[in-house]
Structures are given as structure tokens and as C-alpha cells.
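Heads up, model_24.cif below (mmCIF, C-alpha atoms):
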```
data_query
#
loop_
_atom_site.label_atom_id
_atom_site.label_comp_id
_atom_site.auth_asym_id
_atom_site.auth_seq_id
_atom_site.Cartn_x
_atom_site.Cartn_y
_atom_site.Cartn_z
CA MET A 1 13.07 -29.38 -44.86
CA LEU A 2 11.78 -31.27 -41.82
CA ARG A 3 10.60 -34.33 -43.69
CA HIS A 4 13.94 -34.94 -45.42
CA ASP A 5 16.16 -33.57 -42.63
CA GLN A 6 17.90 -31.20 -44.99
CA ARG A 7 20.56 -28.94 -43.59
CA LEU A 8 19.57 -25.29 -43.63
CA LEU A 9 22.81 -24.23 -45.27
CA ASP A 10 22.36 -26.68 -48.16
CA LEU A 11 18.73 -25.70 -48.66
CA ALA A 12 19.53 -21.99 -48.48
CA HIS A 13 22.35 -22.10 -51.04
CA GLY A 14 20.36 -24.33 -53.37
CA ASN A 15 17.45 -21.88 -53.44
CA GLY A 16 19.30 -18.58 -53.21
CA VAL A 17 17.82 -17.71 -49.81
CA PRO A 18 19.87 -16.63 -46.79
CA GLU A 19 20.26 -19.30 -44.13
CA SER A 20 19.00 -16.91 -41.45
CA THR A 21 15.75 -16.42 -43.40
CA LEU A 22 15.19 -20.17 -43.65
CA ARG A 23 15.91 -20.58 -39.95
CA ARG A 24 13.36 -17.86 -39.13
CA TRP A 25 10.76 -19.44 -41.45
CA ARG A 26 11.35 -22.86 -39.90
CA ASP A 27 11.03 -21.51 -36.37
CA GLU A 28 7.85 -19.59 -37.25
CA MET A 29 6.33 -22.69 -38.83
CA LEU A 30 7.15 -24.86 -35.80
CA ASP A 31 5.67 -22.22 -33.46
CA LEU A 32 2.51 -22.10 -35.58
CA LEU A 33 2.16 -25.89 -35.61
CA ALA A 34 2.77 -26.07 -31.86
CA ALA A 35 0.17 -23.37 -31.18
CA ARG A 36 -2.48 -25.21 -33.23
CA ALA A 37 -1.78 -28.63 -31.72
CA PRO A 38 -3.95 -29.74 -28.82
CA ARG A 39 -2.28 -29.94 -25.44
CA LEU A 40 -2.00 -33.45 -24.04
CA ASP A 41 -3.91 -32.72 -20.84
CA ARG A 42 -6.81 -31.11 -22.73
CA ALA A 43 -7.01 -33.94 -25.28
CA LEU A 44 -7.10 -36.56 -22.50
CA ARG A 45 -9.75 -34.62 -20.55
CA GLN A 46 -11.93 -34.45 -23.68
CA ILE A 47 -11.67 -38.21 -24.15
CA ALA A 48 -12.52 -38.82 -20.48
CA ALA A 49 -15.44 -36.34 -20.61
CA ARG A 50 -17.11 -38.19 -23.46
CA GLY A 51 -16.77 -41.50 -21.64
CA GLY A 52 -13.59 -42.81 -23.22
CA GLU A 53 -11.79 -45.22 -20.93
CA VAL A 54 -8.73 -46.01 -23.01
CA VAL A 55 -6.38 -44.47 -25.55
CA LEU A 56 -3.92 -46.18 -27.84
CA ILE A 57 -0.34 -45.05 -27.65
CA ASP A 58 2.40 -45.75 -30.15
CA GLY A 59 5.74 -44.28 -31.04
CA THR A 60 8.03 -44.02 -33.99
CA LEU A 61 11.54 -42.84 -34.63
CA ILE A 62 11.95 -40.20 -37.31
CA PRO A 63 15.53 -40.68 -38.55
CA THR A 64 17.79 -37.63 -38.63
CA GLN A 65 21.35 -36.99 -39.57
CA ARG A 66 23.83 -37.38 -36.75
CA ARG A 67 24.32 -34.18 -34.84
CA THR A 68 27.47 -33.66 -32.85
CA GLY A 69 27.75 -32.40 -29.30
CA LYS A 70 26.56 -33.49 -25.88
CA ALA A 71 23.10 -31.94 -26.36
CA ASN A 72 22.30 -34.35 -29.20
CA ARG A 73 23.33 -37.60 -27.52
CA PRO A 74 19.79 -38.22 -26.21
CA ASN A 75 18.63 -38.31 -29.84
CA TYR A 76 20.47 -41.60 -30.42
CA SER A 77 18.22 -44.66 -30.43
CA GLY A 78 19.94 -47.78 -29.21
CA LYS A 79 17.05 -49.89 -30.50
CA HIS A 80 17.37 -48.57 -34.05
CA HIS A 81 21.13 -47.90 -33.90
CA ARG A 82 20.76 -44.43 -35.37
CA HIS A 83 19.99 -40.84 -34.50
CA GLY A 84 16.44 -39.59 -34.69
CA LEU A 85 13.57 -37.95 -32.90
CA HIS A 86 11.13 -40.18 -31.07
CA PHE A 87 7.50 -39.17 -31.55
CA LEU A 88 4.50 -40.40 -29.61
CA ALA A 89 0.98 -40.53 -30.97
CA LEU A 90 -2.25 -41.00 -29.02
CA THR A 91 -5.49 -42.10 -30.62
CA ASP A 92 -8.91 -42.55 -29.11
CA GLU A 93 -10.56 -45.97 -28.90
CA ARG A 94 -11.73 -45.67 -32.52
CA GLY A 95 -8.24 -44.90 -33.87
CA LYS A 96 -8.72 -41.14 -34.39
CA LEU A 97 -5.48 -39.22 -33.81
CA VAL A 98 -5.90 -36.91 -30.82
CA TRP A 99 -2.32 -35.91 -30.02
CA ILE A 100 1.23 -36.25 -31.33
CA SER A 101 4.46 -34.88 -29.99
CA ALA A 102 8.16 -35.42 -29.47
CA ALA A 103 8.37 -37.84 -26.57
CA ARG A 104 11.27 -36.62 -24.47
CA ARG A 105 9.52 -33.50 -23.18
CA ASP A 106 6.15 -34.93 -22.25
CA LYS A 107 5.26 -36.65 -19.00
CA ILE A 108 2.64 -38.90 -20.53
CA VAL A 109 2.15 -41.20 -17.53
CA GLU A 110 1.38 -38.27 -15.21
CA HIS A 111 -1.09 -36.79 -17.72
CA LEU A 112 -2.85 -40.15 -18.13
CA LYS A 113 -3.16 -40.57 -14.37
CA ALA A 114 -4.53 -37.04 -13.95
CA ALA A 115 -7.11 -37.36 -16.75
CA GLY A 116 -8.30 -40.88 -15.99
CA PRO A 117 -8.12 -43.00 -19.15
CA GLY A 118 -5.72 -45.89 -19.42
CA ALA A 119 -3.53 -46.63 -22.43
CA LEU A 120 -2.94 -49.74 -24.53
CA ALA A 121 0.58 -49.92 -25.89
CA ASP A 122 2.95 -52.29 -27.65
CA LEU A 123 6.03 -53.95 -26.15
CA GLY A 124 8.12 -50.83 -26.77
CA PHE A 125 6.45 -49.23 -23.75
CA ILE A 126 7.38 -51.89 -21.21
CA GLY A 127 8.85 -50.13 -18.20
CA VAL A 128 7.53 -46.65 -19.04
CA ASP A 129 4.88 -46.87 -16.33
CA LYS A 130 6.44 -48.31 -13.16
CA PRO A 131 4.07 -47.67 -10.24
CA LYS A 132 4.81 -49.04 -6.79
CA ASN A 133 1.31 -50.52 -6.68
CA PRO A 134 0.52 -52.60 -9.82
CA ASP A 135 -3.14 -51.53 -9.57
CA ASP A 136 -2.07 -47.93 -10.32
CA GLN A 137 -0.62 -48.81 -13.73
CA VAL A 138 -2.16 -46.78 -16.58
CA ILE A 139 -0.15 -48.04 -19.58
CA VAL A 140 -0.99 -51.67 -20.35
CA THR A 141 1.55 -53.60 -22.40
CA GLY A 142 1.98 -57.22 -23.29
CA TYR A 143 4.59 -59.64 -22.04
CA LYS A 144 8.00 -60.03 -23.64
CA ALA A 145 9.84 -63.33 -23.82
CA THR A 146 13.57 -63.51 -23.19
CA ARG A 147 16.10 -66.24 -23.80
CA ALA A 148 15.93 -67.20 -20.14
CA ARG A 149 12.17 -66.77 -19.67
CA LYS A 150 9.68 -68.15 -22.17
CA LEU A 151 6.10 -66.96 -22.22
CA THR A 152 3.50 -69.03 -20.43
CA ALA A 153 0.21 -69.91 -22.08
CA GLY A 154 -1.47 -67.20 -19.97
CA HIS A 155 1.03 -64.56 -21.10
CA LYS A 156 0.54 -65.56 -24.74
CA GLN A 157 -3.23 -65.31 -24.36
CA ALA A 158 -2.91 -61.88 -22.69
CA ASN A 159 -0.72 -60.70 -25.60
CA GLN A 160 -3.31 -61.94 -28.11
CA ILE A 161 -6.14 -60.15 -26.31
CA LEU A 162 -4.16 -56.91 -26.14
CA ALA A 163 -3.18 -57.15 -29.82
CA ALA A 164 -6.80 -57.80 -30.80
CA ALA A 165 -8.00 -54.78 -28.79
CA ARG A 166 -5.37 -52.53 -30.35
CA ALA A 167 -6.10 -53.80 -33.88
CA ARG A 168 -9.87 -53.54 -33.48
CA SER A 169 -9.49 -49.95 -32.32
CA ASN A 170 -7.43 -49.07 -35.37
CA THR A 171 -9.94 -50.54 -37.83
CA PRO A 172 -12.25 -47.90 -39.32
CA SER A 173 -15.83 -48.36 -38.16
CA ARG A 174 -18.58 -48.79 -40.73
CA THR A 175 -21.62 -46.77 -39.81
#
```
Please rewrite the model in this file as C-alpha cells.
Amino acid sequence: MLRHDQRLLDLAHGNGVPESTLRRWRDEMLDLLAARAPRLDRALRQIAARGGEVVLIDGTLIPTQRRTGKANRPNYSGKHHRHGLHFLALTDERGKLVWISAARRDKIVEHLKAAGPGALADLGFIGVDKPKNPDDQVIVTGYKATRARKLTAGHKQANQILAAARARSNTPSRT
């Protein structure tokens, strides 16, 4: 139901189950999954306690059918030109998944600052972390070129170093 974004009414009628029963099952399943998932602050504290200095952060849009109403307007992605839910995933420096969640409810920058580790991210996270003092930045991203501003050789080299660090962290280690 969640993976294919099926409407409850269609699924209920197709399987001879009342819609209210499917809604209750769905809600119970989501509550169970949420209860078993690690909290962001605890996951970050565990990484910091074992000496981890950085996490990798990435996001993806899970496409959904268009929902009507004012409450569902935030679920529209201008980048992808479609409705969907934006999910964030955090991995440790070795690429092991430590946390995943819908992005709109979580204050990831505040949790990172409180726990201590920094985060390496792709260009989609430019502007997420906007501290007044650049030394307080916890989410490190590359540089993005625009039509009016081309990347300098230093910016290109910084992007290559960041990409190499993110790729190396996602490669399984051979021990």
C-alpha cells in the first residue's frame, strides 16, 4: 500500500476488506515502525560516542499521487515537478544506515549541532545550514555553478574532494 501509493478505497474494494480496517492496519503499522526506529538525537549521540566525526546525509523524493487541499501543498516538489514525500537518510562514515525519516518534521541541523558530528551532503542541501558564523556550519556541501558564476579551479577541487569522501564512505569495507 505504501510502496505503490495505492488508495485505501481501491485496495479495500479489491480485497473485500472494509476501508476503515485497512486504515487502522496502516496506522498500526506506521506506529510500530516509528516506535522501532531510532530517534535522530540518539543515533547521532551513538556515532559521536564511538568517535565518529561525520555522517553522510542524502535525500530522496518518494512520488505520490496528487492530494488536494491546502495541507498537501507542502508535498509538492518544485525540483521534481511532482507531489511526493521527501525522505532523509543518515549513514555513518562507513555507509551503514543509522536513521531515516520524512524530512519536513525533523530539525536535522539542530540535532547535528547538539550531538557534535558534521555532515557531508550533496548539492541538494545547499542553504539548509545557514549559520551567521561560517565556522559554525555542520552540513558541508559542494559548490554549485550558475549561468552567471562559473566554478573556480578551487571550487572544482573542493567538489572533487567532497565527492571522493562521500563515495569512499559508501563503499563497503573489506576486512
Review point. What is the atom CA of A:Lys96-atom CA of A:Leu32 distance in Å, reported with one decimal?
Key: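 Atom-to-atom, atom CA of A:Lys96 and atom CA of A:Leu32 are spaced 22.1 Å apart.
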Tell me, counting only C-alpha atoms, for each residue of stretch 44-121 of chain A within 10 Å of stretch 129-144 of chain A, which pair of atoms is nearest and how far apart they are in Å to one decimal, in rows ordered by chain and increasing number, as CSV.
```
residue,atom,partner,partner_atom,distance
A:Val54,CA,A:Val138,CA,9.2
A:Val55,CA,A:Ile139,CA,9.3
A:Leu56,CA,A:Ile139,CA,9.3
A:Ile57,CA,A:Ile139,CA,8.6
A:Ile108,CA,A:Asp129,CA,9.3
A:Val109,CA,A:Asp129,CA,6.4
A:Glu110,CA,A:Val138,CA,9.3
A:Leu112,CA,A:Val138,CA,6.8
A:Lys113,CA,A:Val138,CA,6.7
A:Gly116,CA,A:Val138,CA,8.5
A:Pro117,CA,A:Val138,CA,7.5
A:Gly118,CA,A:Val138,CA,4.6
A:Ala119,CA,A:Ile139,CA,4.6
A:Leu120,CA,A:Val140,CA,5.0
A:Ala121,CA,A:Thr141,CA,5.2
```
Keeping only C-alpha atoms, write those residues as a PDB file, in the coordinates of the input.
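And here is the file that came out, again_14.pdb:
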```pdb
ATOM      1  CA  VAL A  54      -8.730 -46.010 -23.010  1.00  0.00           C
ATOM      2  CA  VAL A  55      -6.380 -44.470 -25.550  1.00  0.00           C
ATOM      3  CA  LEU A  56      -3.920 -46.180 -27.840  1.00  0.00           C
ATOM      4  CA  ILE A  57      -0.340 -45.050 -27.650  1.00  0.00           C
ATOM      5  CA  ILE A 108       2.640 -38.900 -20.530  1.00  0.00           C
ATOM      6  CA  VAL A 109       2.150 -41.200 -17.530  1.00  0.00           C
ATOM      7  CA  GLU A 110       1.380 -38.270 -15.210  1.00  0.00           C
ATOM      8  CA  LEU A 112      -2.850 -40.150 -18.130  1.00  0.00           C
ATOM      9  CA  LYS A 113      -3.160 -40.570 -14.370  1.00  0.00           C
ATOM     10  CA  GLY A 116      -8.300 -40.880 -15.990  1.00  0.00           C
ATOM     11  CA  PRO A 117      -8.120 -43.000 -19.150  1.00  0.00           C
ATOM     12  CA  GLY A 118      -5.720 -45.890 -19.420  1.00  0.00           C
ATOM     13  CA  ALA A 119      -3.530 -46.630 -22.430  1.00  0.00           C
ATOM     14  CA  LEU A 120      -2.940 -49.740 -24.530  1.00  0.00           C
ATOM     15  CA  ALA A 121       0.580 -49.920 -25.890  1.00  0.00           C
TER      16      ALA A 121
END
```
Evaluated on this file, the PyMOL selection byres ((chain A and resi 97) around 12) picks out some residues - which ones are they, written as a JSON list (two decimals) with C-alpha atoms, in the coordinates of the input?
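And here is the file that came out, selection_36.json:
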```
[["chain", "number", "residue", "atom", "x", "y", "z"],
["A", 37, "ALA", "CA", -1.78, -28.63, -31.72],
["A", 38, "PRO", "CA", -3.95, -29.74, -28.82],
["A", 40, "LEU", "CA", -2.00, -33.45, -24.04],
["A", 43, "ALA", "CA", -7.01, -33.94, -25.28],
["A", 44, "LEU", "CA", -7.10, -36.56, -22.50],
["A", 47, "ILE", "CA", -11.67, -38.21, -24.15],
["A", 55, "VAL", "CA", -6.38, -44.47, -25.55],
["A", 56, "LEU", "CA", -3.92, -46.18, -27.84],
["A", 57, "ILE", "CA", -0.34, -45.05, -27.65],
["A", 58, "ASP", "CA", 2.40, -45.75, -30.15],
["A", 88, "LEU", "CA", 4.50, -40.40, -29.61],
["A", 89, "ALA", "CA", 0.98, -40.53, -30.97],
["A", 90, "LEU", "CA", -2.25, -41.00, -29.02],
["A", 91, "THR", "CA", -5.49, -42.10, -30.62],
["A", 92, "ASP", "CA", -8.91, -42.55, -29.11],
["A", 93, "GLU", "CA", -10.56, -45.97, -28.90],
["A", 94, "ARG", "CA", -11.73, -45.67, -32.52],
["A", 95, "GLY", "CA", -8.24, -44.90, -33.87],
["A", 96, "LYS", "CA", -8.72, -41.14, -34.39],
["A", 98, "VAL", "CA", -5.90, -36.91, -30.82],
["A", 99, "TRP", "CA", -2.32, -35.91, -30.02],
["A", 100, "ILE", "CA", 1.23, -36.25, -31.33],
["A", 101, "SER", "CA", 4.46, -34.88, -29.99],
["A", 169, "SER", "CA", -9.49, -49.95, -32.32],
["A", 170, "ASN", "CA", -7.43, -49.07, -35.37]]
```
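Between atom CA of A:Ala48 and atom CA of A:Ala115 there is a distance of 6.7 Å.
Here atom CA of A:Gln160 is placed at a distance of 11.5 Å from atom CA of A:Asp122.
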Point to revise | Top pick for closest residue to A:Asp41, considering A:Ala165, A:Ile62, A:Ala158, A:Ala114 and counting all atoms listed in the file | key: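 Going through A:Ala165, A:Ile62, A:Ala158, A:Ala114 one by one, the smallest distance to A:Asp41 is for A:Ala114.
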Padded axis-aligned box of stretch 136-151 of chain A (8 Å per side), centre and edge lengths, Å, one decimal, as lines of an AutoDock Vina configuration file:
```
center_x = 7.0
center_y = -57.5
center_z = -17.1
size_x = 34.3
size_y = 37.4
size_z = 29.5
```
Check your understanding: What's the 12 Å shell around A:His81, counting only C-alpha atoms, without same-chain residues fewer than 2 positions away, as a PyMOL selection string?
Key -> chain A and resi 61+63-64+66+75-79+83-84
Point to revise | Shell of 7 Å around A:Ala12, only C-alpha atoms, local chain residues under 6 positions omitted, as number ranges by chain | key: A: 18-19, 22
